[in-house]
Amino acid sequence: SPPSAPPHRFLAAMMRARYPAVVDAAYAASAPMKFYAQQLAGHEYFDRISAVAEDADAGCAAAVRSTLDAVAADLEDGGPGHYRTAAERLGLCPALPGYIADGDTFRDEILMVVASTFADHNMAYYPPRNKTELCRSCRLFRSDPGGDGSRPPHYARLRAFLSASVRPAPPPGSCFDLSAQLPAGPNATITSGDWSGVGTGPDGESWDFQTCTELVERIGFSDGSMFPPREWTYEWLRGHCARRFGVEPRPNDLVLRWGLRDLAGSGASRIIFTNGLNDGWSVGGFMEDPGPDLLVVNFTDGAHHSDLRGEDEQDSEDMQKGRMRVRNLLA
């Protein structure tokens, strides 16, 4: 099954930490503790996504960045209404989400669709090989689709990616419905509380609410990533959450109530934290044991909680050894 959202494993750790009389021990795979402890600057997540994509397919990072930069430059040069021409070139359905009424918003939302799709690909990048969705998407951006006056090559590449890689995929020959990328609920936008992507429908609405309240994640785009720079700010999040849910984010609530910055000092014990180091969320994980009975196992070529997936003949030696270490710890 596809990877699930990171807090499921975060909650395993918190169940043990908060209710030790009920929960004997916890296995917290890919738990991004430092995100919720507010200990990251904001650029680390997509910097890691970019590095893994480049390792997976040489030239990928530059190809994605140059394509998105070229589309952004075209939008800037084309004037206020040019985003509708850009939408047509990308094969988007004519009825765009109502809040997209200018080129800057259009640019930001297209960026978010691309970035969140690569985030999903990254979580599923195990075993690391060239037949993964990540590598296929990279090859689309590195391809030479040609082009003409109505659809330059950078538009052709991005259109091919939207049609082939983004979920839900449009039926063959139909337009790409940008509204299908929205979570449910009023005032929904593609860029939501979690910039790695909140998902669509009711699930997306629920996760948008969670990241608008207690599970605040600082995730932005640095100039060193494969995506055009876009700074995450608390001011942006406050405005989004007020419009969306009428709530105020509480980034330090769990830090104060649950002692997230010092679990050992808060009395937590008997938790195994695991990280797949190809996973973007690993930048928020513990790389070393945070306490005498809080143990870390890192999988060098693992992805998002890939250690919890069923054993497979294609498992790497690194994965097999890591699982054996976990078994020994549990024994």
# chains A, B, ... in the order shown; residues from 1 in each chain; ligands from 1
>>> residues_around(residues="Arg244 (chain A)", least_positions_apart="4", cutoff="8 Å", atoms="only C-alpha atoms", output="list in words")
Pro186, Asn187, Ala188 and His240 of chain A
>>> select_by_dssp(residues="region 173-290 of chain A", states="strand (DSSP E)", output="tab-separated table (two decimals) with C-alpha atoms, in the first residue's frame")
chain	number	residue	atom	x	y	z
A	271	ILE	CA	10.74	3.65	21.91
A	272	ILE	CA	12.55	2.57	18.74
A	273	PHE	CA	12.84	5.32	16.13
A	274	THR	CA	13.69	4.28	12.58
A	275	ASN	CA	14.55	6.42	9.57
A	276	GLY	CA	14.88	5.66	5.88
>>> closest_atom_pairs(of="region 68-134 of chain A", to="region 34-53 of chain A", cutoff="12 Å", atoms="only C-alpha atoms", output="JSON lines")
{"residue": "A:Met112", "atom": "CA", "partner": "A:Phe46", "partner_atom": "CA", "distance": 11.6}
{"residue": "A:Val114", "atom": "CA", "partner": "A:Phe46", "partner_atom": "CA", "distance": 11.8}
{"residue": "A:Ala115", "atom": "CA", "partner": "A:Phe46", "partner_atom": "CA", "distance": 8.2}
{"residue": "A:Ser116", "atom": "CA", "partner": "A:Phe46", "partner_atom": "CA", "distance": 9.8}
{"residue": "A:Thr117", "atom": "CA", "partner": "A:Ile49", "partner_atom": "CA", "distance": 11.0}
{"residue": "A:Phe118", "atom": "CA", "partner": "A:Ile49", "partner_atom": "CA", "distance": 7.5}
{"residue": "A:Ala119", "atom": "CA", "partner": "A:Ile49", "partner_atom": "CA", "distance": 6.8}
{"residue": "A:Asp120", "atom": "CA", "partner": "A:Ile49", "partner_atom": "CA", "distance": 10.0}
{"residue": "A:His121", "atom": "CA", "partner": "A:Ala53", "partner_atom": "CA", "distance": 9.3}
{"residue": "A:Asn122", "atom": "CA", "partner": "A:Ile49", "partner_atom": "CA", "distance": 6.6}
{"residue": "A:Met123", "atom": "CA", "partner": "A:Ile49", "partner_atom": "CA", "distance": 9.3}
{"residue": "A:Ala124", "atom": "CA", "partner": "A:Ile49", "partner_atom": "CA", "distance": 11.8}
{"residue": "A:Tyr125", "atom": "CA", "partner": "A:Val52", "partner_atom": "CA", "distance": 9.2}
{"residue": "A:Tyr126", "atom": "CA", "partner": "A:Val52", "partner_atom": "CA", "distance": 11.6}
{"residue": "A:Pro128", "atom": "CA", "partner": "A:Val52", "partner_atom": "CA", "distance": 9.8}
{"residue": "A:Arg129", "atom": "CA", "partner": "A:Ala53", "partner_atom": "CA", "distance": 11.3}
{"residue": "A:Asn130", "atom": "CA", "partner": "A:Ala53", "partner_atom": "CA", "distance": 10.9}
{"residue": "A:Thr132", "atom": "CA", "partner": "A:Ala53", "partner_atom": "CA", "distance": 11.0}
{"residue": "A:Glu133", "atom": "CA", "partner": "A:Ala53", "partner_atom": "CA", "distance": 10.8}
{"residue": "A:Leu134", "atom": "CA", "partner": "A:Ala53", "partner_atom": "CA", "distance": 7.0}
>>> residues_around(residues="Asp293 (chain A)", least_positions_apart="5", cutoff="12 Å", atoms="only C-alpha atoms", output="list in words")
Ala17, Ala25, Ala26, Leu263, Ala264, Gly265, Gly267, Ala268, Ser269, Arg270, Ile271, Ile272, Phe273, Glu288, Leu329 and Leu330 of chain A
>>> residues_around(residues="region 149-159 of chain A", least_positions_apart="3", cutoff="6 Å", atoms="only C-alpha atoms", output="tab-separated table (two decimals) with all heavy atoms, in the first residue's frame")
chain	number	residue	atom	x	y	z
A	67	THR	N	12.84	23.78	-15.97
A	67	THR	CA	11.49	23.77	-16.54
A	67	THR	C	10.57	24.71	-15.77
A	67	THR	O	9.86	25.54	-16.37
A	67	THR	CB	10.92	22.34	-16.52
A	67	THR	OG1	11.73	21.50	-17.33
A	67	THR	CG2	9.49	22.32	-17.04
A	89	ARG	N	-1.70	25.73	-22.52
A	89	ARG	CA	-0.49	25.03	-22.97
A	89	ARG	C	-0.20	23.79	-22.14
A	89	ARG	O	0.36	22.82	-22.64
A	89	ARG	CB	0.71	25.98	-22.90
A	89	ARG	CG	0.72	27.07	-23.96
A	89	ARG	CD	1.87	28.04	-23.73
A	89	ARG	NE	2.02	28.97	-24.84
A	89	ARG	CZ	2.87	29.98	-24.85
A	89	ARG	NH1	3.65	30.20	-23.79
A	89	ARG	NH2	2.95	30.77	-25.91
A	90	LEU	N	-0.58	23.82	-20.88
A	90	LEU	CA	-0.35	22.69	-19.99
A	90	LEU	C	-1.44	21.64	-20.06
A	90	LEU	O	-1.37	20.61	-19.38
A	90	LEU	CB	-0.19	23.18	-18.55
A	90	LEU	CG	1.05	24.00	-18.25
A	90	LEU	CD1	1.00	24.56	-16.82
A	90	LEU	CD2	2.31	23.17	-18.44
A	141	PHE	N	11.08	15.01	-17.15
A	141	PHE	CA	11.63	16.36	-17.14
A	141	PHE	C	12.94	16.45	-17.91
A	141	PHE	O	13.29	17.53	-18.40
A	141	PHE	CB	11.83	16.84	-15.70
A	141	PHE	CG	10.59	17.42	-15.07
A	141	PHE	CD1	9.83	16.66	-14.19
A	141	PHE	CD2	10.18	18.70	-15.37
A	141	PHE	CE1	8.69	17.19	-13.61
A	141	PHE	CE2	9.04	19.24	-14.80
A	141	PHE	CZ	8.28	18.48	-13.92
A	146	GLY	N	10.47	18.27	-27.89
A	146	GLY	CA	10.28	19.21	-29.00
A	146	GLY	C	9.39	20.35	-28.56
A	146	GLY	O	9.21	20.61	-27.37
A	162	LEU	N	2.32	16.28	-15.74
A	162	LEU	CA	1.00	16.40	-15.14
A	162	LEU	C	0.10	15.25	-15.59
A	162	LEU	O	-0.67	14.70	-14.80
A	162	LEU	CB	0.36	17.74	-15.50
A	162	LEU	CG	1.04	19.00	-14.92
A	162	LEU	CD1	0.37	20.25	-15.47
A	162	LEU	CD2	1.01	18.99	-13.40
>>> closest_residue(among="A:Gln320, A:Cys212, A:Ala62, A:Asp102", to="Gly78 (chain A)", atoms="only C-alpha atoms")
A:Asp102
>>> residues_around(residues="Cys93 (chain A)", least_positions_apart="3", cutoff="8 Å", atoms="only C-alpha atoms", output="VMD selection string")
chain A and resid 87 to 88 96 175 to 178
>>> atom_distance(atom1="CA of Leu295 (chain A)", atom2="CA of Trp195 (chain A)")
29.1 Å
>>> closest_residue(among="A:Ala61, A:Leu140, A:Ile190, A:Val71", to="Gly224 (chain A)", atoms="only C-alpha atoms")
A:Ala61
